[in-house]
Amino acid sequence: MILSLDRRSLIEAIIASAIVTGVVTLASTFLPDRYVATAVGFVFLGATWALVWRGDDARVERSGLTLGGLVLPGAIDGRRLARSAGTSMPGRFAFA
């Protein structure tokens with residue numbers, strides 16, 4: 001049976017979440033307290049790179065991790081960057 005894209009994405013998300021949670025738990029258990037936050041940040045950055053940014057541009061866009069087009073190859077589109085910043089900043093200020 002061929003899995004649909006939605007089901008495949010759900011399974012991938014569950015597996016990725018379990019792995020990242022396990023690695024973060026191990027880091028917080030075995031590392032000294034002063035290094036835990038840095039290790040957690042690197043784990044999340046590594047997971048983002050491994051699961052999304054290594055993929056094609058469409059996958060990066062579907063995941064919402066284009067960062068206004070900064071991580072996509074090619075010239076930076078100023079309008080897209082401004083639009084992305086304009087839509088994300090009000091939410092950041094609301095929850096800050």
# chains A, B, ... in the order shown; residues from 1 in each chain; ligands from 1
>>> residues_around(residues="Gly69 (chain A)", least_positions_apart="4", cutoff="9 Å", atoms="only C-alpha atoms", output="MDAnalysis selection string")
chainID A and resid 61 65 73:78 80:81 84
>>> residues_around(residues="region 41-53 of chain A", least_positions_apart="2", cutoff="8 Å", atoms="only C-alpha atoms", output="PyMOL selection string")
chain A and resi 16+20+23-24+37-39+55-56+59-60+63+65+71
>>> write_last_selection(atoms="C-alpha atoms", output="mmCIF file, in the first residue's frame")
data_model
loop_
_atom_site.group_PDB
_atom_site.id
_atom_site.type_symbol
_atom_site.label_atom_id
_atom_site.label_comp_id
_atom_site.auth_asym_id
_atom_site.auth_seq_id
_atom_site.Cartn_x
_atom_site.Cartn_y
_atom_site.Cartn_z
ATOM 1 C CA ALA A 16 11.150 13.262 13.948
ATOM 2 C CA VAL A 20 14.416 15.120 18.653
ATOM 3 C CA VAL A 23 18.111 13.599 21.924
ATOM 4 C CA VAL A 24 17.109 16.749 23.826
ATOM 5 C CA ALA A 37 20.403 25.411 26.284
ATOM 6 C CA THR A 38 23.141 25.537 23.650
ATOM 7 C CA ALA A 39 22.852 21.797 22.995
ATOM 8 C CA GLY A 55 15.100 19.180 0.728
ATOM 9 C CA ASP A 56 13.880 20.958 -2.344
ATOM 10 C CA ARG A 59 9.474 21.428 0.883
ATOM 11 C CA VAL A 60 11.096 24.423 2.581
ATOM 12 C CA SER A 63 7.316 23.872 6.073
ATOM 13 C CA LEU A 65 10.973 27.914 6.956
ATOM 14 C CA VAL A 71 17.563 30.335 2.801
#
>>> atom_distance(atom1="CA of Ser88 (chain A)", atom2="CA of Gly68 (chain A)")
9.9 Å
